[in-house]
>>> print(open('entry.cif').read())   # mmCIF, C-alpha atoms and all ligand atoms
data_query
#
loop_
_atom_site.label_atom_id
_atom_site.label_comp_id
_atom_site.auth_asym_id
_atom_site.auth_seq_id
_atom_site.Cartn_x
_atom_site.Cartn_y
_atom_site.Cartn_z
CA MET M 1142 -17.94 21.69 -21.89
CA SER M 1143 -15.91 18.92 -20.32
CA SER M 1144 -16.81 15.31 -21.07
CA ASP M 1145 -17.51 12.70 -18.45
CA LEU M 1146 -14.81 10.49 -17.07
CA TYR M 1147 -14.82 6.89 -15.92
CA SER M 1148 -13.39 5.40 -12.78
CA VAL M 1149 -11.96 1.92 -13.29
CA LYS M 1150 -11.01 -0.18 -10.28
CA MET M 1151 -9.39 -3.58 -10.33
CA ARG M 1152 -8.77 -6.05 -7.55
CA ALA M 1153 -7.46 -9.56 -7.78
CA SER M 1154 -7.26 -12.28 -5.16
CA ARG M 1155 -6.87 -15.98 -4.65
CA LYS M 1156 -8.59 -18.34 -2.22
CA GLU M 1157 -6.16 -19.89 0.19
CA ASP M 1158 -7.24 -21.87 3.25
CA ASN M 1159 -10.76 -20.56 2.63
CA GLU M 1160 -9.61 -16.94 2.82
CA ASP M 1161 -9.23 -14.40 0.03
CA ARG M 1162 -5.59 -13.47 -0.26
CA HIS M 1163 -5.06 -10.05 -1.84
CA ILE M 1164 -2.89 -10.14 -4.97
CA SER M 1165 -3.20 -6.74 -6.56
CA GLY M 1166 -5.42 -3.72 -6.99
CA ALA M 1167 -5.46 -0.53 -9.05
CA GLU M 1168 -7.47 2.67 -9.49
CA LYS M 1169 -7.71 4.65 -12.70
CA ILE M 1170 -9.69 7.60 -14.07
CA VAL M 1171 -9.94 7.74 -17.86
CA GLU M 1172 -11.95 9.12 -20.76
CA GLN M 1173 -14.50 6.89 -22.45
CA ASP M 1174 -12.35 6.14 -25.50
CA MET M 1175 -9.69 4.56 -23.23
CA LEU M 1176 -12.05 2.22 -21.37
CA GLN M 1177 -11.48 -0.93 -23.40
CA THR M 1178 -7.73 -0.50 -23.42
CA ILE M 1179 -7.52 0.14 -19.72
CA CYS M 1180 -9.74 -2.80 -18.78
CA ALA M 1181 -7.60 -5.12 -20.92
CA GLN M 1182 -4.40 -3.75 -19.38
CA LEU M 1183 -5.65 -4.11 -15.82
CA LEU M 1184 -6.87 -7.64 -16.50
CA GLU M 1185 -3.45 -8.52 -17.86
CA ARG M 1186 -1.86 -7.12 -14.74
CA ALA M 1187 -4.26 -8.95 -12.43
CA ILE M 1188 -3.61 -12.32 -14.01
CA HIS M 1189 0.16 -12.14 -14.38
CA HIS M 1190 1.38 -10.92 -11.05
CA SER M 1191 4.55 -11.73 -9.15
CA LYS M 1192 2.43 -12.56 -6.10
CA GLY M 1193 0.94 -15.46 -8.03
CA GLU M 1194 -2.07 -16.37 -10.12
CA ALA M 1195 -5.45 -14.85 -9.29
CA ASP M 1196 -8.64 -16.92 -9.19
CA PHE M 1197 -10.89 -13.90 -8.70
CA VAL M 1198 -10.66 -10.60 -10.58
CA ASN M 1199 -13.10 -7.75 -10.16
CA ILE M 1200 -13.06 -4.84 -12.61
CA LYS M 1201 -15.52 -2.09 -11.78
CA VAL M 1202 -16.33 0.73 -14.18
CA GLU M 1203 -18.31 3.79 -13.09
CA ARG M 1204 -19.05 7.03 -14.87
CA ILE M 1205 -18.11 10.09 -12.85
CA ALA M 1206 -18.87 13.74 -13.52
CA ALA M 1207 -15.80 15.67 -14.62
CA GLY M 1208 -16.94 18.52 -12.39
CA ASP M 1209 -16.55 16.32 -9.30
CA VAL M 1210 -12.86 15.77 -9.91
CA ILE M 1211 -10.33 17.85 -7.94
CA ARG M 1212 -6.96 18.50 -9.58
CA ARG M 1213 -3.72 18.82 -7.64
CA ASP M 1214 -0.01 19.08 -8.35
CA ALA M 1215 1.98 16.04 -7.29
CA LEU M 1216 4.11 16.31 -4.16
CA PRO M 1217 7.75 17.25 -4.82
CA VAL M 1218 9.91 14.14 -5.09
CA THR M 1219 13.33 13.44 -3.58
CA THR M 1220 15.29 10.20 -3.48
CA CYS M 1221 17.34 8.87 -0.65
CA GLU M 1222 19.84 6.25 -1.83
CA VAL M 1223 20.62 3.60 0.78
CA GLY M 1224 22.81 0.50 0.63
CA THR M 1225 20.84 -1.86 2.88
CA ALA M 1226 17.29 -2.37 4.16
CA GLY M 1227 18.54 -1.60 7.67
CA GLU M 1228 19.86 1.75 6.54
CA GLY M 1229 16.54 2.40 4.78
CA GLN M 1230 14.60 1.64 7.96
CA ARG M 1231 16.84 4.04 9.92
CA LYS M 1232 16.19 6.72 7.33
CA LEU M 1233 12.45 6.15 7.69
CA ARG M 1234 12.74 6.65 11.45
CA GLU M 1235 14.67 9.83 10.94
CA LEU M 1236 11.95 11.19 8.62
CA LEU M 1237 9.27 10.38 11.20
CA GLU M 1238 11.31 12.14 13.89
CA ARG M 1239 11.78 15.15 11.62
CA SER M 1240 8.00 15.24 11.26
CA GLY M 1241 7.70 15.61 15.02
CA LEU M 1242 6.82 11.95 15.66
CA HIS M 1243 8.98 10.94 18.57
CA ASN M 1244 7.37 7.53 18.89
CA SER M 1245 8.85 6.55 15.52
CA GLU M 1246 9.97 3.12 16.67
CA GLU M 1247 6.51 2.25 17.96
CA ILE M 1248 4.96 3.46 14.68
CA LEU M 1249 7.35 1.41 12.51
CA GLU M 1250 6.64 -1.64 14.65
CA LYS M 1251 2.98 -1.32 13.48
CA MET M 1252 4.01 -1.96 9.86
CA LYS M 1253 4.12 -5.68 10.65
CA GLU M 1254 0.37 -5.63 11.30
CA THR M 1255 -0.25 -4.39 7.73
CA TRP M 1256 1.21 -7.37 5.85
CA GLY M 1257 -1.47 -8.98 3.68
CA MET M 1258 -4.02 -6.18 4.04
CA ARG M 1259 -5.81 -4.94 0.94
CA GLY M 1260 -5.91 -1.37 2.20
CA ALA M 1261 -3.91 0.76 4.60
CA MET M 1262 -3.85 1.09 8.36
CA LEU M 1263 -5.23 4.43 9.59
CA LEU M 1264 -3.23 5.07 12.73
CA ASP M 1265 -3.85 7.78 15.32
CA VAL M 1266 -0.24 8.74 16.04
CA ASP M 1267 -1.04 10.22 19.46
CA THR M 1268 -3.16 7.42 20.93
CA MET M 1269 -1.67 4.65 18.71
CA ARG M 1270 -5.22 3.46 18.06
CA ARG M 1271 -6.18 1.99 14.69
CA LEU M 1272 -9.16 3.81 13.17
CA GLU M 1273 -10.16 1.52 10.29
CA PRO M 1274 -13.71 0.13 10.60
CA ASP M 1275 -12.47 -3.18 9.17
CA GLN M 1276 -8.95 -3.86 10.41
CA LYS M 1277 -8.39 -6.89 8.27
CA ARG M 1278 -9.06 -4.98 5.06
CA GLY M 1279 -7.91 -1.50 6.06
CA VAL M 1280 -8.88 1.70 4.28
CA ARG M 1281 -8.35 1.98 0.52
CA ALA M 1282 -7.68 5.31 -1.12
CA THR M 1283 -9.60 5.23 -4.40
CA TYR M 1284 -10.80 7.41 -7.28
CA MET M 1285 -7.46 8.90 -8.23
CA ASP M 1286 -5.09 8.83 -11.19
CA ALA M 1287 -2.40 10.82 -12.94
CA GLU M 1288 -3.87 13.54 -15.10
CA ASP M 1289 -2.23 12.53 -18.37
CA SER M 1290 -3.35 8.99 -18.98
CA GLY M 1291 -1.58 8.01 -22.16
CA ASP M 1292 0.85 5.53 -20.64
CA ASP M 1293 0.67 1.74 -20.78
CA ARG M 1294 -0.93 0.34 -17.63
CA SER M 1295 -0.49 -3.36 -18.25
CA HIS M 1296 2.76 -3.14 -16.36
CA LYS M 1297 2.54 -1.36 -13.11
CA ASN M 1298 4.53 1.84 -12.77
CA HIS M 1299 5.04 1.63 -9.03
CA PHE M 1300 6.49 5.09 -8.67
CA ARG M 1301 3.79 6.97 -10.60
CA GLU M 1302 0.90 5.18 -8.93
CA ALA M 1303 2.39 5.66 -5.48
CA LEU M 1304 3.03 9.35 -6.09
CA VAL M 1305 -0.61 9.81 -7.12
CA LEU M 1306 -1.85 7.93 -4.06
CA ALA M 1307 0.45 9.77 -1.64
CA THR M 1308 -0.51 13.15 -3.10
CA LYS M 1309 -4.18 12.44 -2.53
CA VAL M 1310 -3.72 10.90 0.91
CA VAL M 1311 -1.51 13.54 2.52
CA SER M 1312 -3.66 16.38 1.13
CA HIS M 1313 -6.22 15.67 3.85
CA LYS M 1314 -5.88 17.96 6.85
CA ASN M 1315 -5.81 15.09 9.36
CA ILE M 1316 -3.18 13.03 7.55
CA ILE M 1317 0.27 14.10 8.65
CA GLY M 1318 2.19 11.51 6.67
CA GLU M 1319 2.25 8.12 5.00
CA ILE M 1320 4.66 5.19 5.18
CA CYS M 1321 4.73 2.64 2.35
CA ILE M 1322 6.54 -0.58 1.51
CA SER M 1323 5.43 -2.51 -1.59
CA ASP M 1324 4.13 -6.04 -1.10
CA ASP M 1325 5.51 -6.98 -4.53
CA PRO M 1326 8.38 -9.35 -3.70
CA ASP M 1327 10.87 -7.73 -6.06
CA TYR M 1328 10.08 -4.08 -5.49
CA VAL M 1329 12.23 -2.89 -2.61
CA THR M 1330 11.93 0.90 -2.97
CA GLY M 1331 9.45 2.45 -0.54
CA TYR M 1332 8.69 5.95 0.67
CA PHE M 1333 7.63 8.38 3.32
CA ALA M 1334 5.36 11.24 2.27
CA SER M 1335 4.06 14.34 4.02
CA LYS M 1336 2.95 17.89 3.20
CA GLU M 1337 6.20 19.29 4.63
CA LEU M 1338 8.77 16.81 3.33
CA GLY M 1339 7.05 15.86 0.07
CA TYR M 1340 7.46 12.37 -1.40
CA VAL M 1341 10.74 10.90 -0.17
CA ARG M 1342 11.76 7.70 -1.96
CA ILE M 1343 13.99 5.31 -0.01
CA THR M 1344 15.69 2.91 -2.40
CA LYS M 1345 15.75 -0.12 -0.12
CA LEU M 1346 13.32 -0.92 2.68
CA LYS M 1347 13.28 -4.71 2.47
CA GLU M 1348 15.22 -7.61 0.97
CA PRO M 1349 14.47 -8.74 -2.62
CA GLY M 1350 12.05 -11.69 -2.65
CA CYS M 1351 10.28 -10.58 0.51
CA PRO M 1352 6.46 -10.45 0.09
CA ASP M 1353 5.88 -8.24 3.14
CA GLY M 1354 4.55 -4.78 2.43
CA GLY M 1355 1.88 -2.38 3.56
CA ARG M 1356 0.87 1.17 4.20
CA ILE M 1357 0.14 3.33 7.22
CA PHE M 1358 -1.74 6.61 6.92
CA LEU M 1359 -0.69 8.69 9.92
CA PHE M 1360 -3.71 10.44 11.43
CA ARG M 1361 -3.70 13.33 13.87
CA GLY M 1362 -6.88 14.91 15.20
CA GLU M 1363 -10.07 14.13 17.07
CA GLU M 1364 -11.26 10.57 16.57
CA ARG M 1365 -14.65 11.85 15.43
CA GLU M 1366 -12.84 13.42 12.44
CA ALA M 1367 -11.82 9.96 11.23
CA ASP M 1368 -15.15 9.35 9.42
CA ASP M 1369 -14.70 12.43 7.30
CA CYS M 1370 -11.11 11.46 6.58
CA ILE M 1371 -12.11 7.94 5.48
CA ARG M 1372 -14.87 9.37 3.30
CA TYR M 1373 -12.30 11.64 1.64
CA LEU M 1374 -9.83 8.79 1.07
CA GLU M 1375 -12.44 6.45 -0.34
CA HIS M 1376 -14.67 8.79 -2.33
CA ARG M 1377 -13.19 12.16 -3.33
CA LYS M 1378 -12.09 12.07 -6.93
CA MET M 1379 -8.67 13.44 -7.77
CA LEU M 1380 -6.44 13.80 -10.82
CA VAL M 1381 -2.81 14.51 -10.04
CA ARG M 1382 -0.49 16.49 -12.31
CA ILE M 1383 2.87 14.71 -12.36
N1 LIG M 1401 -5.21 2.42 -0.60
C1 LIG M 1401 -4.71 2.00 0.59
N2 LIG M 1401 -3.76 1.07 0.72
C2 LIG M 1401 -3.29 0.52 -0.40
C3 LIG M 1401 -3.75 0.90 -1.69
C4 LIG M 1401 -4.77 1.90 -1.76
N3 LIG M 1401 -5.25 2.31 -2.91
N4 LIG M 1401 -3.08 0.17 -2.61
C5 LIG M 1401 -2.24 -0.63 -1.93
N5 LIG M 1401 -2.37 -0.43 -0.59
C6 LIG M 1401 -1.65 -1.10 0.48
C7 LIG M 1401 -1.95 -2.59 0.51
O1 LIG M 1401 -1.90 -3.02 1.84
C8 LIG M 1401 -0.80 -3.18 -0.24
O2 LIG M 1401 -0.54 -4.49 0.19
C9 LIG M 1401 0.34 -2.25 0.12
O3 LIG M 1401 -0.26 -0.97 0.27
C10 LIG M 1401 1.41 -2.18 -0.94
O4 LIG M 1401 0.79 -1.88 -2.17
O5 LIG M 1401 8.85 5.70 -5.46
O6 LIG M 1401 3.72 -0.92 -5.15
O7 LIG M 1401 0.59 -1.51 -4.58
O8 LIG M 1401 9.42 3.81 -6.42
O9 LIG M 1401 2.32 -3.20 -3.65
C11 LIG M 1401 6.17 2.32 -3.90
C12 LIG M 1401 6.92 3.06 -4.96
C13 LIG M 1401 5.34 1.24 -4.54
C14 LIG M 1401 8.15 3.70 -4.42
C15 LIG M 1401 4.37 0.74 -3.56
O10 LIG M 1401 2.58 -0.73 -3.24
C16 LIG M 1401 8.86 4.45 -5.51
C17 LIG M 1401 3.55 -0.37 -4.09
P1 LIG M 1401 1.56 -1.91 -3.50
MG MG M 1402 1.44 -4.87 -4.56
#
>>> encode(input="entry.cif", output="structure tokens")
Amino acid sequence: MSSDLYSVKMRASRKEDNEDRHISGAEKIVEQDMLQTICAQLLERAIHHSKGEADFVNIKVERIAAGDVIRRDALPVTTCEVGTAGEGQRKLRELLERSGLHNSEEILEKMKETWGMRGAMLLDVDTMRRLEPDQKRGVRATYMDAEDSGDDRSHKNHFREALVLATKVVSHKNIIGEICISDDPDYVTGYFASKELGYVRITKLKEPGCPDGGRIFLFRGEEREADDCIRYLEHRKMLVRI
């Protein structure tokens, strides 16, 4: 018999000019005996963040049935070393083109609209329409974690968390790829991920110190399929074997 698991979600923000500015967020799935540790670690992370001090932190704990959790192998990982952010951006374009997206420039231009969002843009790559119900917030992929959960989470492991997220996101039939740049000012490595190319790290996509980052989930299909896709991203539970 498998024991129940708990989903733990954290989000932190700060009021600025009467608006909530997103500082950080995290999603974890752990066994009961890890709950206290994980909550303390996520709180630590929320409060001491390079994007500044939070004045609002929400930690949400929910029990989930182990039987509801899908398990998947992580995408294969490759790394593309680049010398400059410009070279990284060119590499990103090339990966989009290799994925059959010949409007790569137009797609990359959309990244600018994601700065400051809490979630990701869901972009129909054929019509270039945005499919998120709330475009300011975007769509958040939640209820996922790495299967072995023994590591320390008070410091964010950008790579592991992103690999988990990308594995869940691109597993959906309507998601043909994902583009990501961290909004953490000092984390300049980003990635492109897809079922065909796997998780491709690009070592420099922006200049150090730059707070601009975001994600685009690249959608292809009928627009009426978007609801199902959003439901999958937000609610299906997944543990990823790294
Ligand atoms: N669902 C959807 N969008 C999200 C989520 C989520 N769960 N988490 C973050 N985002 C969006 C949001 O707009 C953030 O501002 C943006 O992505 C960047 O998030 O292999 O750290 O958590 O070393 O800052 C890449 C690792 C790290 C590359 C990416 O993103 C590597 C990272 P961050
Ligand atoms: Mg961040």
>>> atom_distance(input="entry.cif", atom1="atom C3 of ligand LIG 1401 (chain M)", atom2="CA of His1376 in chain M")
13.5 Å
>>> closest_residue(input="entry.cif", among="M:Pro1326, M:Met1379, M:Ala1195, M:Gly1318", to="Gly1241 in chain M", atoms="only C-alpha atoms")
M:Gly1318
>>> closest_atom_pairs(input="entry.cif", of="chain M", to="ligand LIG 1401 (chain M)", cutoff="7 Å", atoms="all atoms listed in the file", output="CSV")
residue,atom,partner,partner_atom,distance
M:Ser1165,CA,M:LIG1401,O7,6.8
M:Gly1166,CA,M:LIG1401,N4,6.3
M:Ala1167,CA,M:LIG1401,N3,6.8
M:Glu1168,CA,M:LIG1401,N3,7.0
M:Thr1255,CA,M:LIG1401,O1,6.3
M:Trp1256,CA,M:LIG1401,O2,6.6
M:Gly1257,CA,M:LIG1401,O2,5.8
M:Met1258,CA,M:LIG1401,O1,4.4
M:Arg1259,CA,M:LIG1401,O1,4.4
M:Gly1260,CA,M:LIG1401,N2,3.6
M:Ala1261,CA,M:LIG1401,N2,3.9
M:Val1280,CA,M:LIG1401,C1,5.6
M:Arg1281,CA,M:LIG1401,N1,3.4
M:Ala1282,CA,M:LIG1401,N1,3.8
M:Thr1283,CA,M:LIG1401,N3,5.4
M:His1299,CA,M:LIG1401,C13,4.5
M:Phe1300,CA,M:LIG1401,O8,3.9
M:Ala1303,CA,M:LIG1401,C12,5.2
M:Leu1304,CA,M:LIG1401,O5,6.9
M:Leu1306,CA,M:LIG1401,N3,6.7
M:Cys1321,CA,M:LIG1401,C15,6.2
M:Ile1322,CA,M:LIG1401,C15,5.7
M:Ser1323,CA,M:LIG1401,O10,3.7
M:Asp1324,CA,M:LIG1401,O9,4.2
M:Asp1325,CA,M:LIG1401,O9,5.0
M:Thr1330,CA,M:LIG1401,C14,4.9
M:Gly1331,CA,M:LIG1401,C14,4.3
M:Tyr1332,CA,M:LIG1401,C14,5.6
M:Arg1342,CA,M:LIG1401,O5,5.0
M:Gly1354,CA,M:LIG1401,C10,5.3
M:Gly1355,CA,M:LIG1401,C9,3.8
M:Arg1356,CA,M:LIG1401,O3,4.6
>>> residues_near_point(input="entry.cif", point="(-13.3, -0.9, -13.0)", cutoff="10 Å", atoms="only C-alpha atoms", output="list in words")
Tyr1147, Ser1148, Val1149, Lys1150, Met1151, Arg1152, Ala1167, Glu1168, Lys1169, Ile1170, Leu1176, Ile1179, Cys1180, Leu1183, Leu1184, Asn1199, Ile1200, Lys1201, Val1202, Glu1203 and Arg1204 of chain M
>>> closest_residue(input="entry.cif", among="M:Thr1308, M:Val1329, M:Leu1263, M:Lys1345", to="Val1223 in chain M", atoms="all atoms listed in the file")
M:Lys1345
>>> atom_distance(input="entry.cif", atom1="CA of Leu1264 in chain M", atom2="CA of Ile1357 in chain M")
6.7 Å
>>> closest_residue(input="entry.cif", among="M:Cys1351, M:Cys1370, M:Val1218, M:Val1171", to="ligand MG 1402 (chain M)", atoms="all atoms listed in the file")
M:Cys1351
>>> closest_residue(input="entry.cif", among="M:Leu1380, M:Ile1343, M:Met1262, M:Val1198", to="Glu1235 in chain M", atoms="all atoms listed in the file")
M:Ile1343
>>> closest_residue(input="entry.cif", among="M:Glu1337, M:Glu1246, M:Glu1302, M:Glu1185", to="ligand MG 1402 (chain M)", atoms="all atoms listed in the file")
M:Glu1302
>>> atom_distance(input="entry.cif", atom1="CA of Gly1224 in chain M", atom2="CA of Lys1347 in chain M")
11.0 Å
>>> closest_residue(input="entry.cif", among="M:Phe1360, M:Ala1334, M:His1313, M:Gly1350", to="Leu1374 in chain M", atoms="all atoms listed in the file")
M:His1313
>>> residues_near_point(input="entry.cif", point="(-4.1, 7.7, 17.7)", cutoff="12 Å", atoms="all atoms listed in the file", output="PyMOL selection string")
chain M and resi 1242+1244+1247-1248+1262-1273+1315-1317+1358-1367
>>> build_atoms(input="entry.cif", residues="range 1142-1167 of chain M", atoms="N, CA and C atoms", output="PDB file, in the frame of the given file")
ATOM      1  N   MET M1142     -17.309  22.726 -22.707  1.00  0.00           N
ATOM      2  CA  MET M1142     -17.940  21.690 -21.890  1.00  0.00           C
ATOM      3  C   MET M1142     -16.989  20.508 -21.722  1.00  0.00           C
ATOM      4  N   SER M1143     -16.830  20.048 -20.501  1.00  0.00           N
ATOM      5  CA  SER M1143     -15.910  18.920 -20.320  1.00  0.00           C
ATOM      6  C   SER M1143     -16.695  17.612 -20.348  1.00  0.00           C
ATOM      7  N   SER M1144     -16.093  16.571 -20.941  1.00  0.00           N
ATOM      8  CA  SER M1144     -16.810  15.310 -21.070  1.00  0.00           C
ATOM      9  C   SER M1144     -16.690  14.514 -19.777  1.00  0.00           C
ATOM     10  N   ASP M1145     -17.553  13.525 -19.647  1.00  0.00           N
ATOM     11  CA  ASP M1145     -17.510  12.700 -18.450  1.00  0.00           C
ATOM     12  C   ASP M1145     -16.280  11.816 -18.432  1.00  0.00           C
ATOM     13  N   LEU M1146     -15.963  11.373 -17.245  1.00  0.00           N
ATOM     14  CA  LEU M1146     -14.810  10.490 -17.070  1.00  0.00           C
ATOM     15  C   LEU M1146     -15.311   9.188 -16.464  1.00  0.00           C
ATOM     16  N   TYR M1147     -14.465   8.190 -16.495  1.00  0.00           N
ATOM     17  CA  TYR M1147     -14.820   6.890 -15.920  1.00  0.00           C
ATOM     18  C   TYR M1147     -13.777   6.484 -14.890  1.00  0.00           C
ATOM     19  N   SER M1148     -14.283   6.004 -13.769  1.00  0.00           N
ATOM     20  CA  SER M1148     -13.390   5.400 -12.780  1.00  0.00           C
ATOM     21  C   SER M1148     -13.330   3.903 -13.087  1.00  0.00           C
ATOM     22  N   VAL M1149     -12.129   3.359 -13.097  1.00  0.00           N
ATOM     23  CA  VAL M1149     -11.960   1.920 -13.290  1.00  0.00           C
ATOM     24  C   VAL M1149     -11.151   1.394 -12.105  1.00  0.00           C
ATOM     25  N   LYS M1150     -11.721   0.407 -11.424  1.00  0.00           N
ATOM     26  CA  LYS M1150     -11.010  -0.180 -10.280  1.00  0.00           C
ATOM     27  C   LYS M1150     -10.825  -1.660 -10.532  1.00  0.00           C
ATOM     28  N   MET M1151      -9.662  -2.136 -10.172  1.00  0.00           N
ATOM     29  CA  MET M1151      -9.390  -3.580 -10.330  1.00  0.00           C
ATOM     30  C   MET M1151      -8.923  -4.136  -8.997  1.00  0.00           C
ATOM     31  N   ARG M1152      -9.396  -5.317  -8.661  1.00  0.00           N
ATOM     32  CA  ARG M1152      -8.770  -6.050  -7.550  1.00  0.00           C
ATOM     33  C   ARG M1152      -8.721  -7.520  -7.892  1.00  0.00           C
ATOM     34  N   ALA M1153      -7.652  -8.153  -7.475  1.00  0.00           N
ATOM     35  CA  ALA M1153      -7.460  -9.560  -7.780  1.00  0.00           C
ATOM     36  C   ALA M1153      -7.063 -10.292  -6.509  1.00  0.00           C
ATOM     37  N   SER M1154      -7.597 -11.505  -6.360  1.00  0.00           N
ATOM     38  CA  SER M1154      -7.260 -12.280  -5.160  1.00  0.00           C
ATOM     39  C   SER M1154      -7.271 -13.767  -5.475  1.00  0.00           C
ATOM     40  N   ARG M1155      -6.863 -14.523  -4.501  1.00  0.00           N
ATOM     41  CA  ARG M1155      -6.870 -15.980  -4.650  1.00  0.00           C
ATOM     42  C   ARG M1155      -7.323 -16.588  -3.328  1.00  0.00           C
ATOM     43  N   LYS M1156      -8.147 -17.629  -3.428  1.00  0.00           N
ATOM     44  CA  LYS M1156      -8.590 -18.340  -2.220  1.00  0.00           C
ATOM     45  C   LYS M1156      -7.473 -19.215  -1.703  1.00  0.00           C
ATOM     46  N   GLU M1157      -7.154 -19.030  -0.450  1.00  0.00           N
ATOM     47  CA  GLU M1157      -6.160 -19.890   0.190  1.00  0.00           C
ATOM     48  C   GLU M1157      -6.653 -20.200   1.591  1.00  0.00           C
ATOM     49  N   ASP M1158      -6.708 -21.462   1.942  1.00  0.00           N
ATOM     50  CA  ASP M1158      -7.240 -21.870   3.250  1.00  0.00           C
ATOM     51  C   ASP M1158      -8.571 -21.189   3.533  1.00  0.00           C
ATOM     52  N   ASN M1159      -9.436 -21.159   2.494  1.00  0.00           N
ATOM     53  CA  ASN M1159     -10.760 -20.560   2.630  1.00  0.00           C
ATOM     54  C   ASN M1159     -10.783 -19.057   2.894  1.00  0.00           C
ATOM     55  N   GLU M1160      -9.637 -18.394   2.658  1.00  0.00           N
ATOM     56  CA  GLU M1160      -9.610 -16.940   2.820  1.00  0.00           C
ATOM     57  C   GLU M1160      -9.159 -16.308   1.526  1.00  0.00           C
ATOM     58  N   ASP M1161      -9.669 -15.098   1.221  1.00  0.00           N
ATOM     59  CA  ASP M1161      -9.230 -14.400   0.030  1.00  0.00           C
ATOM     60  C   ASP M1161      -7.905 -13.707   0.303  1.00  0.00           C
ATOM     61  N   ARG M1162      -6.887 -14.125  -0.435  1.00  0.00           N
ATOM     62  CA  ARG M1162      -5.590 -13.470  -0.260  1.00  0.00           C
ATOM     63  C   ARG M1162      -5.475 -12.389  -1.341  1.00  0.00           C
ATOM     64  N   HIS M1163      -5.183 -11.176  -0.915  1.00  0.00           N
ATOM     65  CA  HIS M1163      -5.060 -10.050  -1.840  1.00  0.00           C
ATOM     66  C   HIS M1163      -3.848 -10.219  -2.739  1.00  0.00           C
ATOM     67  N   ILE M1164      -4.032 -10.066  -4.057  1.00  0.00           N
ATOM     68  CA  ILE M1164      -2.890 -10.140  -4.970  1.00  0.00           C
ATOM     69  C   ILE M1164      -2.534  -8.776  -5.527  1.00  0.00           C
ATOM     70  N   SER M1165      -3.507  -8.091  -6.095  1.00  0.00           N
ATOM     71  CA  SER M1165      -3.200  -6.740  -6.560  1.00  0.00           C
ATOM     72  C   SER M1165      -4.473  -5.929  -6.726  1.00  0.00           C
ATOM     73  N   GLY M1166      -4.294  -4.618  -6.807  1.00  0.00           N
ATOM     74  CA  GLY M1166      -5.420  -3.720  -6.990  1.00  0.00           C
ATOM     75  C   GLY M1166      -4.939  -2.476  -7.714  1.00  0.00           C
ATOM     76  N   ALA M1167      -5.849  -1.772  -8.374  1.00  0.00           N
ATOM     77  CA  ALA M1167      -5.460  -0.530  -9.050  1.00  0.00           C
ATOM     78  C   ALA M1167      -6.666   0.371  -9.228  1.00  0.00           C
TER      79      ALA M1167
END
